Each structure stands twice: as structure tokens, then as C-alpha cells.
Amino acid sequence: MTDQLEKNYEPNLSEEKIYQLWEKSGFFNPDNLPGKRKKSFTIAIPPPNITGSLHMGHALNATVQDILIRWKRMDGFKALWIPGTDHAGIATQNVVEKELKKEGQTRFDLGKEKFIEKVWQWKEKYGNIILDQFKKLGSSCDWSKTRFTMDKEYVKAVETAFLYYHKKGWIYEGERVVNWCTRCQTSLSDLELDYKEEKGKLWYIKYPLKSSPDKYVLVATTRPETMLGDTAVAVSPKDERYKNLVGQKLILPIQNKEIPIIADIAVDLTFGTGAVKVTPAHDPVDWEIGKRHNLEAPKIINKFGRMTEEAKICIGLKPLECREKVLEELQKQNLLGKVEDYTHSRPYCYRCSSLIEPMPSHQWFLKMDVLAKKAKEAVKKGKIKFFPERFEKPYLDWLDNIQDWCISRQIWWGHKIPLEGVEDVLDTWFSSALWPFAILGWPEKTDLLKKHYPTTVLSTARDIINLWVARMIFSGLEFMKEIPFEEVLVHPTVLTREGKRMSKSLGTGLDPLELIKKFGADATRFGIAWQVTGNQDIHFIEDNIVMGRKFCNKIWNASRFVMFNLGPESEKFPKTKLNHFKNLSDDDKLILEELENTIEETTKNLEKYNFSQAAESIYNFFWHEFCDKYIEKSKPQLKDEKLSLSTQYILWHVLSTSLKLLHPYIPFITEEIWQKLPHEDGMLIVASWPK
């Protein structure tokens with residue numbers, strides 16, 4: 001009889017011990033892996049913000065990545081999973097500013113240099129919390145290679161990239177409408193906006209024709225206050241209703257100035273009346289229309305979110321305060337038409353929750369035409385594949401309609417633009433666009449870069465396909481002359497049971513650390529993976545975690561049964577071939593056949609990133625075929641002198657093989673059981689994947 005397991009599996013007592021065992025072994029580092037290895041299999045973790053703590057999206061993505069890394073490590077690859085964190089410019093600056101506010105200070109009280117010192121102190125204290133939380137989930141990253149987007153080597157990579165683009169003439173200064181946060185006093189990328197659906201109004205305003213003041217064009221708007229900065233009314237060139245009016249002049253109400261009626265392809269003829277006001281300074285679409293038609297762009301809202309002198313009225317008021325005055329004046333002049341209820345999305349700063357004001361700003365831009373073309377071709381020619389394939393279309397659509405990239409930010413924490421006299425820092429995405437090769441030592445020609453670039457697969461969320469994935473692709477092609485990864489796995493979004501967005505602030509979020517504490521990391525991982533079908537988002541239910549815990553208990557109890565029934569001969573089993581046993585029952589043959597099918601099915605599903613189907617395959621085999629059927633059939637066979645030893649062997653063989661198949665999903669319990677079973681592969685983490 002072999003070593004015995006405790007009566008009950010207690011994950012909280014086992015998991016930390018097992019993780020320390022893995023770390024001590026050094027097997028997270030591919031250079032320490034035993035045996036002759038195939039080519040590298042590399043994953044670069046999407047770097048979480050240093051301000052972050054583990055949420056369900058992180059838990060899902062980490063589970064998916066760890067399944068792949070553990071599987072490939074067992075399958076003989078030089079499996080490397082590189083961890084790291086992102087400095088998260090605006091998010092981190094806001095967190096530290098909030099800390100200062102508690103002390104009655106602002107960053108301006110400290111000054112830039114002292115404030116940056118304060119941010120570094122905060123980073124050293126809190127910045128790696130999320131990586132420690134990844135460990136609790138069982139993530140088998142090579143922690144010796146942990147990177148941070150503001151470490152010395154990474155700063156060099158960012159400066160090298162910027163100066164390269166600048167020398168080519170692809171970086172330039174200019175003015176364009178950007179997303180402006182009046183609280184953070186910086187431009188923001190689209191990703192840094194939090195869109196909230198709100199109930200508002202759609203106001204219809206009469207713009208009188210200059211040639212016939214008793215006639216007018218009716219224009220619908222959700223922001224009547226911005227009409228003070230209108231310089232045209234636009235219609236679709238396909239709209240027959242306005243064909244004869246294009247080129248004529250209107251009188252802009254309140255401002256009493258002439259503005260033209262123009263035809264532009266950007267106008268949606270189904271919105272409102274089909275005629276839209278054009279305010280070039282305060283809408284990105286209108287800005288482009290203004291450029292095409294050489295329109296003026298009076299700035300009626302300033303960077304502090306107040307009406308300017310250009311507005312003529314409401315000077316110094318907030319836009320919403322000005323709205324009331326504008327509506328009142330339109331009513332007086334009998335120029336306000338109907339008013340409808342209207343639900344629309346409004347952008348807020350994702351960190352300070354201030355309403356975003358689109359406005360022209362002097363910024364630094366990176367030309368995108370050549371880079372976008374490279375990124376498109378890589379996918380169109382099949383060099384990079386998306387899983388599921390449907391995410392290829394939004395990627396290509398975005399690149400087809402791409403604007404030059406606003407890469408500057410007006411904050412203090414971040415990569416300073418490496419030109420003399422410039423105080424702006426670079427957009428956080430500029431530095432993270434270099435992630436797949438900068439973490440491997442670029443711009444130096446390191447051994448690590450040679451061995452592990454390009455990386456193999458990127459697992460990420462769909463909301464950053466354009467803002468991060470596309471940028472990594474063109475950066476890799478430009479700086480490394482090679483794609484940064486071969487495949488992009490777009491994992492589903494974790495929603496509540498009711499299908500709502502998970503949010504800790506709204507009380508709809510689930511803390512994966514609480515699930516781990518309650519059910520164990522293995523149960524949490526298995527319950528998450530069970531729901532990753534690849535076809536749709538996850539309406540998360542805790543029932544699947546409960547199911548994962550029950551499954552772990554089943555594995556534990558089945559293992560106890562097998563171990564209890566192994567005799568002294570079992571120590572030789574790891575070196576014994578199946579064909580050594582001549583007397584096999586029909587039940588023996590059936591379970592072995594089912595095992596073969598399960599190995600094949602599990603492997604094929606993993607190759608296709610069908611995580612749920614792979615989990616289901618091994619679950620059904622172990623619970624129903626092995627536990628419910630074969631173990632019961634084995635009981636009389638164990639008492640049969642002719643079948644006893646072969647039955648012991650098959651019990652051992654099926655359990656050992658099942659543990660290997662299960663290990664990528666539930667690594668802690670499988671490693672714990674493996675250590676008590678006769679084996680010759682060393683630790684389960686580096687045992688050979690079943691063939």
C-alpha cells in the first residue's frame with residue numbers, strides 16, 4: 001500500500017505549501033525544465049495596472065493562460081509565462097492624489113519632483129499586490145523575469161521607440177479635438193473613457209434661412225449649449241430633402257451670424273431630421289467635417305469646463321448651466337421646436353468620473369498610415385490569427401478608419417517625452433505597445449529576445465483589441481521586423497448572472513480571492529474554465545465553482561480508494577508497460593479505450609482553445625466512466641487472484657493519466673495527489689503530457 005491521503009482535502013492548508021514547492025523547484029523558468037525541450041512556447045501577461053487588485057476578468061484570463069502554459073510545459077515545450085505590471089499613468093496619479101487629499105495636500109503643494117517620489121513610494125508599497133494575488137490562483141509565471149513599464153530597461157525601450165519614430169518624421173505636434181478631462185487636466189485615449197447610458201433630451205432647434213427668414217432648417221441636438229460654437233449645418237449628400245439647400249446660408253440663433261449648409265458623408269440621414277449642427281471645436285466628428293470644409297473652430301468651452309468669451313453669452317458658466325440660458329433664449333425667439341426623451345451614452349473619465357469635454361488641444365501625434373497598413377496585412381495574410389475568428393473584423397475596421405494617434409498626456413507620472421523642453425508624458429499605451437519585446441530586453445539583442453520572440457499566443461479582452469493588440473502588432477513589425485505573437489485569443493467578458501457588467505463600485509462585482517478562500521483555487525479555476533466556451537460572454541454563476549469543489553472532492557476520494565488498494569508491487573508500475581498484463585477483463589479494456597478517447601479529445605480541444613469542452617471531456621470521463629463505473633467494477637476484480645495486480649495497475653494508470661490531463665485546470669490538488677502516488681516523472685508540473 002502506498003502513502004495515504006488525509007480523509008478530506010483542505011485546499012487552504014495545501015495550496016500555499018504546493019505553490020512554494022513549485023517555486024523552489026525553479027520549473028517556472030524554462031531554462032530549468034528537465035529533458036530535451038522542443039521550441040519555446042511564450043505568453044506575455046497583459047500587464048495589470050499597479051493600482052489594481054484581482055477581479056473576475058483577471059482571474060479568467062490568468063486561468064486561461066495558466067492552463068496553456070502548464071499544458072505546454074508538460075508537452076515538452078520551453079514554456080515561459082512572463083509577468084509584469086503597467087505604471088498606469090492617470091490611474092496611479094489619481095490614487096496618489098487621493099492619498100494626498102486625505103492629508104490636506106495637492107500635487108501642486110509638493111511640486112513635480114516630490115510628487116513623483118511619492119508615487120514611487122506608493123508603487124513600492126502597493127504596486128505588486130496584484131501579482132501576489134495571481135500566485136494565489138496558481139499562476140505559474142517566471143517571477144524572476146517580472147517587468148514593470150517604468151523600470152530602467154523599459155524606459156530605455158520607450159525612449160528608443162519615440163526617437164526612432166521622431167527621426168522618421170512620423171511624430172509631430174499639432175492641434176486636434178481630443179477627449180479632455182477637466183478634472184485631471186489631460187487628454188485621454190478612448191479606452192480611458194467610461195461610457196454611461198443616460199436619459200436625456202433631444203432638442204429640435206430652428207435655424208432660419210438667410211434668404212427666407214420665415215423658413216428654417218430644423219436641427220436635432222442633445223447638447224444645445226454647443227450651438228454657440230456652430231460654424232455650419234451638415235446634411236448627407238444622399239439626402240434628397242436638402243439637395244436644393246446645400247450651399248445656402250443660415251442664421252445661427254442667438255449668435256446671429258451666417259453659417260453655410262454643407263453636404264458631408266459623415267452625416268447619418270436617419271438621425272433626427274437628417275440635418276446636424278457642426279461644432280468643430282467640441283466634437284471629433286465635427287472636427288473632421290470642419291477640416292474637410294475649411295470651417296472655423298471657435299472654442300466655446302475651456303480646459304476647466306467653463307464657457308469662454310467666444311460663446312458671447314454664459315461666459316464663465318459650466319456647460320449645463322449655459323444650456324438653461326440657451327434654451328430660455330431660443331424659447332423667447334420662438335426658435336425651439338419639439339423636445340423628445342432620448343437615451344444616449346456620455347463619456348466620463350474612468351478614474352475621476354468627470355464628464356469628458358471634447359475640445360481642440362495642442363498635442364503630440366504619431367502618424368498611423370504606414371503602421372496601420374502593416375498591422376492589417378499581418379492579419380489579412382494569416383500571419384496572426386484571431387480566436388474566435390469574428391474578432392478579426394472589428395480589428396480591421398478600426399485600422400481602416402484610424403486617426404493619427406495622440407500620444408501625449410498632460411500629467412506628471414509616466415514616460416516623459418524625451419525631447420528638450422517638453423513637459424508632457426507619453427500615453428500609457430505607447431509604452432505598453434512595446435510589451436512583447438521590451439520585456440525580453442529590447443532594444444538590446446538579448447539571449448531572451450532571441451529565444452522567445454515572437455511570443456506564441458496573446459490572451460486578452462475584446463475591449464483593447466484596437467488600443468493595445470493592434471499597437472503591439474505594428475510595433476513588433478516595425479521594431480522587430482516580425483509579428484509579436486502568432487495567435488490572439490479573445491476571452492469572454494465575465495458578467496453577472498443577470499448579464500450586467502461586474503463592478504465593485506456598483507456592488508455587482510465578485511472577488512475571486514473570496515471564492516478562493518471559500519472553495520479553493522482549483523475549484524475557482526475549474527468553475528471559471530467550465531464557462532469559457534468561446535462563443536459568448538459568461539453570465540457568471542457560483543454554482544460552477546461549487547461544482548468544481550465537488551469535483552475536487554470526488555478526485556480526492558477516488559484517489560484515496562486507489563491508493564488504499566495498491567500493493568507493494570505498485571512501486572514498479574511507473575516502469576511497467578500495459579502489455580505486461582495478459583489477463584484484462586472487458587471492463588479493463590473499456591476503461592482504457594475511454595481513456596484513450598479522452599486524451600485525444602482533451603488535447604484537440606486545448607489546441608483549439610475550447611477550454612470548456614476540454615474540461616467537460618475529462619470531467620465526464622473521470623466522474624462517470626472511472627468513478628461511477630470502473631471503480632465499482634474493480635472491487636470484485638481486486639479480490640480475484642488472476643486480475644488483482646492488473647486491476648491495481650489500471651487503477652493506478654488511469655488515475656495517474658487523469659491527474660496529468662487535469663493538472664492544467666486544477667494544479668494544486670493534482671500535484672498533492674501525485675506526490676503520494678508511485679511515479680517516475682518527478683513533479684507533476686513537469687510530467688509528460690499523455691499521448
# chains A, B, ... in the order shown; residues from 1 in each chain; ligands from 1

call {"tool": "closest_atom_pairs", "arguments": {"of": "stretch 285-388 of chain A", "to": "stretch 450-469 of chain A", "cutoff": "10 Å", "atoms": "only C-alpha atoms", "output": "JSON lines"}}
result
{"residue": "A:Ala375", "atom": "CA", "partner": "A:Val469", "partner_atom": "CA", "distance": 9.7}
{"residue": "A:Ile384", "atom": "CA", "partner": "A:Val457", "partner_atom": "CA", "distance": 9.5}
{"residue": "A:Lys385", "atom": "CA", "partner": "A:Val457", "partner_atom": "CA", "distance": 9.6}
{"residue": "A:Phe386", "atom": "CA", "partner": "A:Leu458", "partner_atom": "CA", "distance": 9.6}
{"residue": "A:Phe387", "atom": "CA", "partner": "A:Ser459", "partner_atom": "CA", "distance": 9.4}

call {"tool": "residues_around", "arguments": {"residues": "A:Glu173", "least_positions_apart": "6", "cutoff": "7 Å", "atoms": "only C-alpha atoms", "output": "PDB file with C-alpha atoms, in the first residue's frame"}}
result
ATOM      1  CA  GLN A 363      -0.683  67.556 -28.593  1.00  0.00           C
ATOM      2  CA  TRP A 364       1.922  65.159 -29.975  1.00  0.00           C
ATOM      3  CA  PHE A 365       0.755  62.695 -32.616  1.00  0.00           C
TER       4      PHE A 365
END

call {"tool": "closest_residue", "arguments": {"among": "A:Asn8, A:Asn61, A:Thr647, A:Ser431", "to": "A:Met150", "atoms": "only C-alpha atoms"}}
result
A:Ser431

call {"tool": "closest_atom_pairs", "arguments": {"of": "stretch 85-175 of chain A", "to": "stretch 26-34 of chain A", "cutoff": "8 Å", "atoms": "only C-alpha atoms", "output": "CSV"}}
result
residue,atom,partner,partner_atom,distance
A:Ser140,CA,A:Phe28,CA,5.8
A:Cys141,CA,A:Phe28,CA,5.9
A:Asp142,CA,A:Phe28,CA,4.8
A:Trp143,CA,A:Phe28,CA,7.7
A:Ser144,CA,A:Asn29,CA,7.8

call {"tool": "write_last_selection", "arguments": {"atoms": "C-alpha atoms", "output": "mmCIF file, in the first residue's frame"}}
result
data_model
loop_
_atom_site.group_PDB
_atom_site.id
_atom_site.type_symbol
_atom_site.label_atom_id
_atom_site.label_comp_id
_atom_site.auth_asym_id
_atom_site.auth_seq_id
_atom_site.Cartn_x
_atom_site.Cartn_y
_atom_site.Cartn_z
ATOM 1 C CA SER A 140 2.955 29.574 -12.891
ATOM 2 C CA CYS A 141 4.730 32.701 -14.172
ATOM 3 C CA ASP A 142 8.517 33.002 -14.229
ATOM 4 C CA TRP A 143 8.624 35.597 -11.452
ATOM 5 C CA SER A 144 12.369 36.087 -11.929
#

call {"tool": "closest_residue", "arguments": {"among": "A:Ala157, A:Ile254, A:Leu355, A:Ala59", "to": "A:Leu515", "atoms": "only C-alpha atoms"}}
result
A:Ala59

call {"tool": "residues_around", "arguments": {"residues": "A:Glu198", "least_positions_apart": "4", "cutoff": "10 Å", "atoms": "only C-alpha atoms", "output": "list in words"}}
result
Tyr342, Thr343, His344, Ser345 and Arg346 of chain A

call {"tool": "write_last_selection", "arguments": {"atoms": "C-alpha atoms", "output": "PDB file, in the first residue's frame"}}
result
ATOM      1  CA  TYR A 342     -33.641  60.449 -25.646  1.00  0.00           C
ATOM      2  CA  THR A 343     -31.301  57.851 -24.140  1.00  0.00           C
ATOM      3  CA  HIS A 344     -27.656  58.190 -25.091  1.00  0.00           C
ATOM      4  CA  SER A 345     -24.161  57.334 -23.858  1.00  0.00           C
ATOM      5  CA  ARG A 346     -21.991  60.053 -22.367  1.00  0.00           C
TER       6      ARG A 346
END

call {"tool": "residues_around", "arguments": {"residues": "A:Gln333", "least_positions_apart": "3", "cutoff": "12 Å", "atoms": "only C-alpha atoms", "output": "short mmCIF file (atom, residue, chain, number, x, y, z; two decimals) with C-alpha atoms, in the first residue's frame"}}
result
data_model
loop_
_atom_site.label_atom_id
_atom_site.label_comp_id
_atom_site.auth_asym_id
_atom_site.auth_seq_id
_atom_site.Cartn_x
_atom_site.Cartn_y
_atom_site.Cartn_z
CA ILE A 205 -33.81 73.94 -32.96
CA LYS A 206 -34.92 76.16 -35.87
CA TYR A 207 -32.06 77.65 -37.90
CA PRO A 208 -33.64 80.39 -40.14
CA PRO A 253 -29.66 81.65 -33.49
CA ILE A 254 -28.50 83.75 -30.52
CA ASN A 256 -26.84 85.97 -35.22
CA VAL A 326 -29.66 78.93 -24.32
CA LEU A 327 -32.98 77.07 -24.15
CA GLU A 328 -34.60 80.05 -22.46
CA GLU A 329 -33.38 82.39 -25.22
CA LEU A 330 -34.47 80.02 -28.00
CA LEU A 336 -37.20 75.94 -30.13
CA GLY A 337 -39.11 73.13 -31.80
#

call {"tool": "select_by_dssp", "arguments": {"residues": "stretch 328-363 of chain A", "states": "strand (DSSP E or B)", "output": "ChimeraX atom specification"}}
result
/A:336-349,355-363

call {"tool": "atom_distance", "arguments": {"atom1": "atom CA of A:Gln20", "atom2": "atom CA of A:Glu6"}}
result
20.0 Å

call {"tool": "decode", "arguments": {"residues": "stretch 281-293 of chain A", "atoms": "N, CA, C and O atoms", "output": "PDB file, in the first residue's frame"}}
result
ATOM      1  N   ALA A 281     -15.013  72.561 -32.818  1.00  0.00           N
ATOM      2  CA  ALA A 281     -14.110  72.557 -31.667  1.00  0.00           C
ATOM      3  C   ALA A 281     -14.543  71.598 -30.557  1.00  0.00           C
ATOM      4  O   ALA A 281     -13.765  71.328 -29.650  1.00  0.00           O
ATOM      5  N   HIS A 282     -15.762  71.075 -30.646  1.00  0.00           N
ATOM      6  CA  HIS A 282     -16.256  70.310 -29.495  1.00  0.00           C
ATOM      7  C   HIS A 282     -16.904  68.983 -29.870  1.00  0.00           C
ATOM      8  O   HIS A 282     -17.755  68.466 -29.136  1.00  0.00           O
ATOM      9  N   ASP A 283     -16.452  68.420 -30.959  1.00  0.00           N
ATOM     10  CA  ASP A 283     -16.905  67.088 -31.355  1.00  0.00           C
ATOM     11  C   ASP A 283     -15.887  66.535 -32.354  1.00  0.00           C
ATOM     12  O   ASP A 283     -15.558  67.213 -33.333  1.00  0.00           O
ATOM     13  N   PRO A 284     -15.348  65.328 -32.120  1.00  0.00           N
ATOM     14  CA  PRO A 284     -14.305  64.817 -33.016  1.00  0.00           C
ATOM     15  C   PRO A 284     -14.768  64.609 -34.454  1.00  0.00           C
ATOM     16  O   PRO A 284     -14.014  64.836 -35.395  1.00  0.00           O
ATOM     17  N   VAL A 285     -16.031  64.201 -34.625  1.00  0.00           N
ATOM     18  CA  VAL A 285     -16.565  64.028 -35.990  1.00  0.00           C
ATOM     19  C   VAL A 285     -16.703  65.392 -36.660  1.00  0.00           C
ATOM     20  O   VAL A 285     -16.334  65.582 -37.826  1.00  0.00           O
ATOM     21  N   ASP A 286     -17.234  66.359 -35.893  1.00  0.00           N
ATOM     22  CA  ASP A 286     -17.390  67.714 -36.436  1.00  0.00           C
ATOM     23  C   ASP A 286     -16.039  68.338 -36.775  1.00  0.00           C
ATOM     24  O   ASP A 286     -15.915  69.126 -37.725  1.00  0.00           O
ATOM     25  N   TRP A 287     -15.007  67.992 -35.995  1.00  0.00           N
ATOM     26  CA  TRP A 287     -13.658  68.496 -36.270  1.00  0.00           C
ATOM     27  C   TRP A 287     -13.188  68.051 -37.656  1.00  0.00           C
ATOM     28  O   TRP A 287     -12.640  68.851 -38.425  1.00  0.00           O
ATOM     29  N   GLU A 288     -13.450  66.781 -37.963  1.00  0.00           N
ATOM     30  CA  GLU A 288     -13.062  66.251 -39.279  1.00  0.00           C
ATOM     31  C   GLU A 288     -13.896  66.882 -40.391  1.00  0.00           C
ATOM     32  O   GLU A 288     -13.381  67.192 -41.467  1.00  0.00           O
ATOM     33  N   ILE A 289     -15.180  67.065 -40.116  1.00  0.00           N
ATOM     34  CA  ILE A 289     -16.043  67.752 -41.097  1.00  0.00           C
ATOM     35  C   ILE A 289     -15.508  69.168 -41.331  1.00  0.00           C
ATOM     36  O   ILE A 289     -15.402  69.640 -42.475  1.00  0.00           O
ATOM     37  N   GLY A 290     -15.153  69.835 -40.246  1.00  0.00           N
ATOM     38  CA  GLY A 290     -14.623  71.199 -40.340  1.00  0.00           C
ATOM     39  C   GLY A 290     -13.365  71.272 -41.184  1.00  0.00           C
ATOM     40  O   GLY A 290     -13.184  72.210 -41.978  1.00  0.00           O
ATOM     41  N   LYS A 291     -12.497  70.276 -41.019  1.00  0.00           N
ATOM     42  CA  LYS A 291     -11.259  70.262 -41.816  1.00  0.00           C
ATOM     43  C   LYS A 291     -11.568  70.060 -43.303  1.00  0.00           C
ATOM     44  O   LYS A 291     -10.965  70.692 -44.167  1.00  0.00           O
ATOM     45  N   ARG A 292     -12.534  69.169 -43.573  1.00  0.00           N
ATOM     46  CA  ARG A 292     -12.872  68.901 -44.978  1.00  0.00           C
ATOM     47  C   ARG A 292     -13.490  70.121 -45.664  1.00  0.00           C
ATOM     48  O   ARG A 292     -13.369  70.302 -46.874  1.00  0.00           O
ATOM     49  N   HIS A 293     -14.182  70.964 -44.875  1.00  0.00           N
ATOM     50  CA  HIS A 293     -14.901  72.100 -45.472  1.00  0.00           C
ATOM     51  C   HIS A 293     -14.293  73.451 -45.083  1.00  0.00           C
ATOM     52  O   HIS A 293     -14.904  74.496 -45.327  1.00  0.00           O
TER      53      HIS A 293
END
